[in-house]
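*Asks:* Contents of protein39.pdb (PDB, C-alpha atoms, pLDDT in the B column) are given next:
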```
MODEL        1
ATOM      1  CA  MET A1124       0.000   0.000   0.000  1.00 94.00           C
ATOM      2  CA  LEU A1125       1.359   3.412  -0.948  1.00 97.00           C
ATOM      3  CA  ALA A1126       0.265   6.911   0.018  1.00 97.00           C
ATOM      4  CA  GLY A1127       1.597  10.170  -1.359  1.00 96.00           C
ATOM      5  CA  HIS A1128       0.890  13.845  -0.684  1.00 96.00           C
ATOM      6  CA  SER A1129       1.464  16.593  -3.239  1.00 92.00           C
ATOM      7  CA  PHE A1130       4.586  15.710  -5.280  1.00 89.00           C
ATOM      8  CA  GLY A1131       4.738  12.488  -3.265  1.00 92.00           C
ATOM      9  CA  GLY A1132       1.625  11.442  -5.166  1.00 95.00           C
ATOM     10  CA  LEU A1133       3.655  11.621  -8.387  1.00 93.00           C
ATOM     11  CA  TYR A1134       6.277   9.284  -6.955  1.00 92.00           C
ATOM     12  CA  VAL A1135       3.581   6.839  -5.824  1.00 95.00           C
ATOM     13  CA  GLN A1136       2.042   6.855  -9.309  1.00 95.00           C
ATOM     14  CA  SER A1137       5.437   6.361 -10.968  1.00 93.00           C
ATOM     15  CA  PHE A1138       6.247   3.414  -8.700  1.00 94.00           C
ATOM     16  CA  ALA A1139       2.827   1.836  -9.283  1.00 95.00           C
ATOM     17  CA  ALA A1140       3.304   2.175 -13.056  1.00 94.00           C
ATOM     18  CA  GLN A1141       6.688   0.445 -12.927  1.00 94.00           C
ATOM     19  CA  PHE A1142       5.833  -2.213 -10.331  1.00 96.00           C
ATOM     20  CA  PRO A1143       2.042  -2.734 -10.462  1.00 95.00           C
ATOM     21  CA  ASP A1144       2.131  -6.124  -8.734  1.00 95.00           C
ATOM     22  CA  GLN A1145       3.908  -4.643  -5.718  1.00 96.00           C
ATOM     23  CA  VAL A1146       1.216  -2.030  -5.003  1.00 97.00           C
ATOM     24  CA  ALA A1147      -1.978  -3.484  -3.548  1.00 97.00           C
ATOM     25  CA  GLY A1148      -3.647  -0.116  -2.908  1.00 97.00           C
ATOM     26  CA  MET A1149      -3.021   3.610  -3.097  1.00 98.00           C
ATOM     27  CA  VAL A1150      -4.020   6.867  -1.428  1.00 98.00           C
ATOM     28  CA  LEU A1151      -3.361  10.133  -3.245  1.00 98.00           C
ATOM     29  CA  LEU A1152      -3.523  13.062  -0.817  1.00 97.00           C
ATOM     30  CA  ASP A1153      -4.124  16.283  -2.768  1.00 96.00           C
ATOM     31  CA  SER A1154      -1.673  14.822  -5.250  1.00 95.00           C
ATOM     32  CA  THR A1155      -0.047  16.671  -8.083  1.00 92.00           C
ATOM     33  CA  ALA A1156      -1.481  15.306 -11.313  1.00 91.00           C
ATOM     34  CA  PRO A1157       0.662  13.689 -13.993  1.00 92.00           C
ATOM     35  CA  LYS A1158       1.321  15.417 -17.296  1.00 84.00           C
ATOM     36  CA  PRO A1159       1.512  13.187 -20.360  1.00 73.00           C
ATOM     37  CA  GLY A1160       3.963  13.940 -23.090  1.00 61.00           C
ATOM     38  CA  PRO A1161       7.518  13.269 -24.140  1.00 55.00           C
ATOM     39  CA  ALA A1162      10.084  13.219 -21.381  1.00 50.00           C
ATOM     40  CA  GLN A1163      12.165  16.351 -21.138  1.00 51.00           C
ATOM     41  CA  PRO A1164      15.899  15.827 -21.522  1.00 53.00           C
ATOM     42  CA  ALA A1165      17.733  15.826 -18.221  1.00 51.00           C
ATOM     43  CA  ASN A1166      19.751  18.955 -17.607  1.00 52.00           C
ATOM     44  CA  THR A1167      23.321  17.720 -17.267  1.00 49.00           C
ATOM     45  CA  ASP A1168      24.816  21.214 -17.106  1.00 52.00           C
ATOM     46  CA  PRO A1169      26.702  21.346 -13.780  1.00 47.00           C
ATOM     47  CA  TYR A1170      25.870  25.039 -13.523  1.00 46.00           C
ATOM     48  CA  ASN A1171      22.124  24.664 -14.038  1.00 55.00           C
ATOM     49  CA  VAL A1172      19.857  27.114 -12.267  1.00 49.00           C
ATOM     50  CA  VAL A1173      18.089  24.558 -10.060  1.00 47.00           C
ATOM     51  CA  GLY A1174      21.367  23.140  -8.807  1.00 50.00           C
ATOM     52  CA  ARG A1175      22.679  26.595  -8.038  1.00 46.00           C
ATOM     53  CA  VAL A1176      19.507  27.650  -6.229  1.00 45.00           C
ATOM     54  CA  ALA A1177      19.505  24.394  -4.232  1.00 44.00           C
ATOM     55  CA  ALA A1178      23.125  24.950  -3.201  1.00 45.00           C
ATOM     56  CA  LEU A1179      22.443  28.585  -2.281  1.00 45.00           C
ATOM     57  CA  SER A1180      19.344  27.544  -0.324  1.00 47.00           C
ATOM     58  CA  ALA A1181      21.296  24.925   1.582  1.00 45.00           C
ATOM     59  CA  ALA A1182      24.019  27.426   2.396  1.00 46.00           C
ATOM     60  CA  SER A1183      21.509  30.033   3.573  1.00 49.00           C
ATOM     61  CA  ALA A1184      19.769  27.435   5.744  1.00 45.00           C
ATOM     62  CA  HIS A1185      22.890  27.290   7.914  1.00 46.00           C
ATOM     63  CA  LEU A1186      22.261  30.960   8.658  1.00 46.00           C
ATOM     64  CA  GLY A1187      18.682  30.313   9.765  1.00 50.00           C
ATOM     65  CA  ALA A1188      16.918  31.239   6.512  1.00 48.00           C
ATOM     66  CA  ALA A1189      15.024  27.950   6.400  1.00 46.00           C
ATOM     67  CA  ARG A1190      13.123  28.851   9.559  1.00 46.00           C
ATOM     68  CA  LEU A1191      12.048  32.132   7.963  1.00 45.00           C
ATOM     69  CA  LEU A1192      11.059  30.518   4.651  1.00 46.00           C
ATOM     70  CA  ASN A1193       9.044  27.652   6.142  1.00 51.00           C
ATOM     71  CA  PRO A1194       5.358  28.684   6.171  1.00 53.00           C
ATOM     72  CA  ILE A1195       4.162  25.695   8.213  1.00 61.00           C
ATOM     73  CA  SER A1196       3.961  26.130  11.992  1.00 63.00           C
ATOM     74  CA  TYR A1197       2.914  22.561  12.910  1.00 66.00           C
ATOM     75  CA  THR A1198       1.163  24.016  15.980  1.00 70.00           C
ATOM     76  CA  THR A1199      -1.584  21.400  16.163  1.00 73.00           C
ATOM     77  CA  LEU A1200       0.767  18.418  16.253  1.00 72.00           C
ATOM     78  CA  PRO A1201       1.677  16.841  19.580  1.00 80.00           C
ATOM     79  CA  PRO A1202       4.677  18.699  21.088  1.00 84.00           C
ATOM     80  CA  ARG A1203       7.317  16.088  20.284  1.00 88.00           C
ATOM     81  CA  SER A1204       6.089  15.612  16.692  1.00 80.00           C
ATOM     82  CA  ARG A1205       5.794  19.385  16.237  1.00 77.00           C
ATOM     83  CA  ASP A1206       9.364  19.942  17.429  1.00 82.00           C
ATOM     84  CA  GLU A1207      10.714  17.165  15.203  1.00 83.00           C
ATOM     85  CA  ALA A1208       8.874  18.536  12.153  1.00 76.00           C
ATOM     86  CA  ARG A1209      10.124  22.067  12.815  1.00 74.00           C
ATOM     87  CA  ALA A1210      13.695  20.879  13.330  1.00 76.00           C
ATOM     88  CA  ASN A1211      13.657  18.797  10.140  1.00 75.00           C
ATOM     89  CA  SER A1212      12.101  21.542   8.017  1.00 73.00           C
ATOM     90  CA  SER A1213      14.769  24.039   9.063  1.00 71.00           C
ATOM     91  CA  THR A1214      17.745  21.963   7.927  1.00 72.00           C
ATOM     92  CA  ALA A1215      19.901  22.734   4.915  1.00 68.00           C
ATOM     93  CA  ARG A1216      19.220  19.276   3.500  1.00 71.00           C
ATOM     94  CA  HIS A1217      15.439  19.763   3.685  1.00 63.00           C
ATOM     95  CA  LEU A1218      15.543  23.147   1.964  1.00 63.00           C
ATOM     96  CA  ALA A1219      17.873  21.934  -0.814  1.00 63.00           C
ATOM     97  CA  SER A1220      15.690  18.873  -1.347  1.00 65.00           C
ATOM     98  CA  PHE A1221      12.609  21.084  -1.609  1.00 63.00           C
ATOM     99  CA  VAL A1222      14.226  23.220  -4.324  1.00 64.00           C
ATOM    100  CA  GLU A1223      15.485  20.188  -6.249  1.00 69.00           C
ATOM    101  CA  GLU A1224      12.037  18.605  -6.110  1.00 65.00           C
ATOM    102  CA  TYR A1225      10.494  21.640  -7.813  1.00 64.00           C
ATOM    103  CA  GLY A1226      13.257  21.601 -10.409  1.00 66.00           C
ATOM    104  CA  ALA A1227      12.414  17.998 -11.342  1.00 67.00           C
ATOM    105  CA  ALA A1228       8.643  18.494 -11.224  1.00 69.00           C
ATOM    106  CA  ASN A1229       8.087  18.410 -14.981  1.00 80.00           C
ATOM    107  CA  THR A1230       9.974  15.133 -15.376  1.00 82.00           C
ATOM    108  CA  SER A1231       8.182  13.627 -12.366  1.00 82.00           C
ATOM    109  CA  MET A1232       4.785  14.567 -13.817  1.00 86.00           C
ATOM    110  CA  GLN A1233       5.649  12.903 -17.114  1.00 88.00           C
ATOM    111  CA  GLN A1234       6.930   9.727 -15.418  1.00 89.00           C
ATOM    112  CA  ALA A1235       3.727   9.490 -13.364  1.00 90.00           C
ATOM    113  CA  SER A1236       1.638   9.632 -16.537  1.00 92.00           C
ATOM    114  CA  ALA A1237       2.758   6.063 -17.286  1.00 92.00           C
ATOM    115  CA  LEU A1238       0.147   4.918 -14.731  1.00 94.00           C
ATOM    116  CA  THR A1239      -3.085   4.568 -16.681  1.00 94.00           C
ATOM    117  CA  SER A1240      -4.978   1.949 -14.671  1.00 95.00           C
ATOM    118  CA  ARG A1241      -4.948   0.312 -11.241  1.00 94.00           C
ATOM    119  CA  HIS A1242      -7.155  -2.522 -12.589  1.00 92.00           C
ATOM    120  CA  GLY A1243      -9.671  -2.499  -9.754  1.00 95.00           C
ATOM    121  CA  LYS A1244      -7.169  -2.181  -6.908  1.00 97.00           C
ATOM    122  CA  PRO A1245      -8.313   0.105  -4.052  1.00 98.00           C
ATOM    123  CA  LEU A1246      -7.599   3.801  -4.608  1.00 98.00           C
ATOM    124  CA  ILE A1247      -8.718   6.833  -2.624  1.00 98.00           C
ATOM    125  CA  VAL A1248      -8.087  10.353  -3.869  1.00 98.00           C
ATOM    126  CA  LEU A1249      -8.422  12.893  -1.056  1.00 97.00           C
ATOM    127  CA  THR A1250      -8.651  16.516  -2.182  1.00 96.00           C
ATOM    128  CA  ALA A1251      -8.129  19.470   0.151  1.00 94.00           C
ATOM    129  CA  ASP A1252     -10.909  21.931  -0.648  1.00 91.00           C
ATOM    130  CA  GLU A1253     -10.190  24.830   1.713  1.00 88.00           C
ATOM    131  CA  GLU A1254      -8.635  27.817  -0.073  1.00 77.00           C
ATOM    132  CA  ASN A1255      -8.632  25.856  -3.355  1.00 71.00           C
ATOM    133  CA  THR A1256     -11.053  27.153  -5.943  1.00 72.00           C
ATOM    134  CA  ASP A1257      -8.996  26.208  -8.994  1.00 80.00           C
ATOM    135  CA  GLU A1258     -11.368  24.254 -11.246  1.00 86.00           C
ATOM    136  CA  GLN A1259      -8.469  22.692 -13.158  1.00 90.00           C
ATOM    137  CA  TRP A1260      -7.051  21.284  -9.911  1.00 89.00           C
ATOM    138  CA  GLN A1261     -10.442  19.819  -9.018  1.00 90.00           C
ATOM    139  CA  SER A1262     -10.808  18.345 -12.501  1.00 92.00           C
ATOM    140  CA  LYS A1263      -7.371  16.739 -12.273  1.00 93.00           C
ATOM    141  CA  GLN A1264      -8.260  15.277  -8.870  1.00 94.00           C
ATOM    142  CA  ASP A1265     -11.464  13.857 -10.369  1.00 95.00           C
ATOM    143  CA  HIS A1266      -9.418  12.304 -13.178  1.00 95.00           C
ATOM    144  CA  LEU A1267      -6.994  10.656 -10.721  1.00 96.00           C
ATOM    145  CA  ALA A1268      -9.960   8.831  -9.200  1.00 96.00           C
ATOM    146  CA  THR A1269     -10.660   7.192 -12.585  1.00 96.00           C
ATOM    147  CA  LEU A1270      -7.388   5.241 -12.394  1.00 96.00           C
ATOM    148  CA  SER A1271      -9.263   2.364 -10.750  1.00 97.00           C
ATOM    149  CA  THR A1272     -12.751   0.935 -10.927  1.00 96.00           C
ATOM    150  CA  ASN A1273     -12.463   0.461  -7.152  1.00 97.00           C
ATOM    151  CA  SER A1274     -11.900   4.058  -6.148  1.00 97.00           C
ATOM    152  CA  LEU A1275     -13.361   6.889  -4.104  1.00 97.00           C
ATOM    153  CA  HIS A1276     -12.818  10.613  -4.423  1.00 97.00           C
ATOM    154  CA  ARG A1277     -13.177  12.295  -1.065  1.00 97.00           C
ATOM    155  CA  HIS A1278     -12.974  15.964  -0.189  1.00 95.00           C
ATOM    156  CA  ALA A1279     -11.536  17.359   3.036  1.00 95.00           C
ATOM    157  CA  ASN A1280     -12.250  20.739   4.563  1.00 94.00           C
ATOM    158  CA  ALA A1281      -8.504  21.349   4.829  1.00 94.00           C
ATOM    159  CA  THR A1282      -5.709  23.185   3.087  1.00 93.00           C
ATOM    160  CA  HIS A1283      -3.054  21.442   1.033  1.00 92.00           C
ATOM    161  CA  ASP A1284      -0.552  21.659   3.912  1.00 90.00           C
ATOM    162  CA  SER A1285      -2.957  21.132   6.812  1.00 91.00           C
ATOM    163  CA  LEU A1286      -4.002  17.818   5.293  1.00 92.00           C
ATOM    164  CA  ILE A1287      -0.774  16.421   6.730  1.00 89.00           C
ATOM    165  CA  SER A1288       0.397  19.044   9.248  1.00 86.00           C
ATOM    166  CA  ASP A1289      -2.771  19.696  11.266  1.00 88.00           C
ATOM    167  CA  GLN A1290      -3.837  16.969  13.674  1.00 85.00           C
ATOM    168  CA  ALA A1291      -7.575  17.396  13.037  1.00 89.00           C
ATOM    169  CA  ASP A1292      -7.288  17.773   9.262  1.00 92.00           C
ATOM    170  CA  ALA A1293      -4.857  14.878   9.001  1.00 93.00           C
ATOM    171  CA  ALA A1294      -7.573  12.609  10.421  1.00 95.00           C
ATOM    172  CA  ALA A1295      -9.149  12.525   6.937  1.00 96.00           C
ATOM    173  CA  ALA A1296      -5.815  11.391   5.468  1.00 97.00           C
ATOM    174  CA  SER A1297      -5.407   8.731   8.154  1.00 97.00           C
ATOM    175  CA  GLN A1298      -8.954   7.498   7.549  1.00 97.00           C
ATOM    176  CA  ALA A1299      -8.323   7.195   3.799  1.00 98.00           C
ATOM    177  CA  ILE A1300      -5.179   5.158   4.436  1.00 98.00           C
ATOM    178  CA  HIS A1301      -7.034   2.968   6.946  1.00 98.00           C
ATOM    179  CA  ASP A1302      -9.880   2.370   4.498  1.00 98.00           C
ATOM    180  CA  VAL A1303      -7.551   1.307   1.682  1.00 98.00           C
ATOM    181  CA  VAL A1304      -5.604  -1.025   3.988  1.00 98.00           C
ATOM    182  CA  THR A1305      -8.891  -2.570   5.141  1.00 97.00           C
ATOM    183  CA  ALA A1306     -10.079  -3.030   1.547  1.00 97.00           C
ATOM    184  CA  VAL A1307      -6.791  -4.710   0.611  1.00 97.00           C
ATOM    185  CA  ARG A1308      -6.841  -7.029   3.645  1.00 97.00           C
ATOM    186  CA  THR A1309     -10.478  -8.047   3.265  1.00 97.00           C
ATOM    187  CA  GLY A1310     -10.603  -8.117  -0.536  1.00 96.00           C
ATOM    188  CA  ARG A1311     -13.800  -6.060  -0.397  1.00 96.00           C
ATOM    189  CA  PRO A1312     -14.499  -2.979  -2.527  1.00 96.00           C
ATOM    190  CA  LEU A1313     -14.192   0.471  -1.012  1.00 96.00           C
ATOM    191  CA  VAL A1314     -17.426   1.768   0.480  1.00 90.00           C
ATOM    192  CA  PRO A1315     -18.366   5.471   0.387  1.00 88.00           C
ATOM    193  CA  ARG A1316     -18.575   7.085   3.839  1.00 77.00           C
TER
ENDMDL
END
```
So, in terms of structure tokens, how does the structure I just supplied come out?
*Replies:*
Amino acid sequence: MLAGHSFGGLYVQSFAAQFPDQVAGMVLLDSTAPKPGPAQPANTDPYNVVGRVAALSAASAHLGAARLLNPISYTTLPPRSRDEARANSSTARHLASFVEEYGAANTSMQQASALTSRHGKPLIVLTADEENTDEQWQSKQDHLATLSTNSLHRHANATHDSLISDQADAAAASQAIHDVVTAVRTGRPLVPR
């Protein structure tokens, strides 16, 4: 069973396309949608912009810039989890990884487009609806739910970030994961809530 949030949803879809027998079920949490088309050539220039920005970001993180640039407060998490999330998100490695991830987004979206069907395996698409009025985003989320004949598209009254960083909002994500695991274990179809 795989679950992925945002760009993580792309990685889940790419893995499921390459190794379909190893993925019994999936949960896509406000996932970025794939983009079909020819793969873009990898930028092998050692002085490429993304690499330079990632290096600069990592260097500035040592000076405390990552704490200033991180918009997530994690205030609703339990104290220990909140402190761990804040500490991790303020590291140079985390900031550089974040920049590199955006630089590879186009390639990741094209790789994820190789997944065209889950062949009836359980799939839940959970879309964060708060502050998101983009009809294209909603349409793409609807399309993700068509990857399986055994799927549900749920909506959460949450923001993209709070879906995983807010204890109350993350309950919808946890429930989706639980429901897919249950469907896989029992061999029963997903049931709307």
*Asks:* Given the file shown, determine the residues that the PyMOL selection byres ((chain A and resi 1245-1248) around 7) selects; report them as a ChimeraX atom specification.
*Replies:* /A:1148-1152,1243-1244,1249-1250,1267-1268,1271,1273-1277,1299,1303,1306-1307,1313
*Asks:* Within 8 Å of stretch 1127-1138 of chain A, which residues of stretch 1200-1303 of chain A show up? Give each one with its shortest atom-to-atom distance in Å (one decimal) and the two atoms involved, counting all atoms listed in the file, rows by chain then rising residue number, as CSV.
*Replies:*
```
residue,atom,partner,partner_atom,distance
A:Ala1228,CA,A:Phe1130,CA,7.7
A:Ser1231,CA,A:Leu1133,CA,6.4
A:Met1232,CA,A:Leu1133,CA,6.3
A:Gln1234,CA,A:Ser1137,CA,5.8
A:Ala1235,CA,A:Ser1137,CA,4.3
A:Ser1236,CA,A:Ser1137,CA,7.5
A:Ala1237,CA,A:Ser1137,CA,6.9
A:Leu1238,CA,A:Gln1136,CA,6.1
A:His1283,CA,A:Ser1129,CA,7.9
```
*Asks:* For A:Val1304, find every residue with an atom within 7 Å (counting only C-alpha atoms), except residues of its own chain fewer than 4 positions away, and show them as a ChimeraX atom specification.
*Replies:* /A:1124,1300,1308
*Asks:* Go through A:Pro1202, A:Ala1296, A:His1266, A:Asp1153 and flag the residue nearest A:Asp1252, using all atoms listed in the file for the distances.
*Replies:*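 Looking only at the distances to A:Asp1252, the closest residue turns out to be A:Asp1153.
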*Asks:* Around the point (-4.2, 17.5, 8.2) (coordinates from the file), which residues reach within 10 Å if we count all atoms listed in the file? Answer as a ChimeraX atom specification.
*Replies:* /A:1197,1199-1200,1251,1279-1297
*Asks:* Those residues with C-alpha atoms, as a PDB file, keeping the file's coordinate frame please?
*Replies:*
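The file below, result_13.pdb, is the result:
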```pdb
ATOM      1  CA  TYR A1197       2.914  22.561  12.910  1.00 66.00           C
ATOM      2  CA  THR A1199      -1.584  21.400  16.163  1.00 73.00           C
ATOM      3  CA  LEU A1200       0.767  18.418  16.253  1.00 72.00           C
ATOM      4  CA  ALA A1251      -8.129  19.470   0.151  1.00 94.00           C
ATOM      5  CA  ALA A1279     -11.536  17.359   3.036  1.00 95.00           C
ATOM      6  CA  ASN A1280     -12.250  20.739   4.563  1.00 94.00           C
ATOM      7  CA  ALA A1281      -8.504  21.349   4.829  1.00 94.00           C
ATOM      8  CA  THR A1282      -5.709  23.185   3.087  1.00 93.00           C
ATOM      9  CA  HIS A1283      -3.054  21.442   1.033  1.00 92.00           C
ATOM     10  CA  ASP A1284      -0.552  21.659   3.912  1.00 90.00           C
ATOM     11  CA  SER A1285      -2.957  21.132   6.812  1.00 91.00           C
ATOM     12  CA  LEU A1286      -4.002  17.818   5.293  1.00 92.00           C
ATOM     13  CA  ILE A1287      -0.774  16.421   6.730  1.00 89.00           C
ATOM     14  CA  SER A1288       0.397  19.044   9.248  1.00 86.00           C
ATOM     15  CA  ASP A1289      -2.771  19.696  11.266  1.00 88.00           C
ATOM     16  CA  GLN A1290      -3.837  16.969  13.674  1.00 85.00           C
ATOM     17  CA  ALA A1291      -7.575  17.396  13.037  1.00 89.00           C
ATOM     18  CA  ASP A1292      -7.288  17.773   9.262  1.00 92.00           C
ATOM     19  CA  ALA A1293      -4.857  14.878   9.001  1.00 93.00           C
ATOM     20  CA  ALA A1294      -7.573  12.609  10.421  1.00 95.00           C
ATOM     21  CA  ALA A1295      -9.149  12.525   6.937  1.00 96.00           C
ATOM     22  CA  ALA A1296      -5.815  11.391   5.468  1.00 97.00           C
ATOM     23  CA  SER A1297      -5.407   8.731   8.154  1.00 97.00           C
TER      24      SER A1297
END
```
*Asks:* Could you tell me how far atom CA of A:Gln1264 lies from atom CA of A:Lys1158, in Å and to one decimal?
*Replies:* 12.8 Å
*Asks:* Between atom CA of A:Gln1233 and atom CA of A:Pro1159, what is the distance in Å, rounded to a tenth?
*Replies:* 5.3 Å
*Asks:* What is the distance, in Å and to one decimal place, between atom CA of A:Glu1253 and atom CA of A:Pro1315?
*Replies:* 21.1 Å
*Asks:* Of the candidates A:Ser1240, A:Trp1260, A:Glu1254, A:Thr1198, which one gets nearest to A:Thr1272 if we count all atoms listed in the file?
*Replies:* A:Ser1240
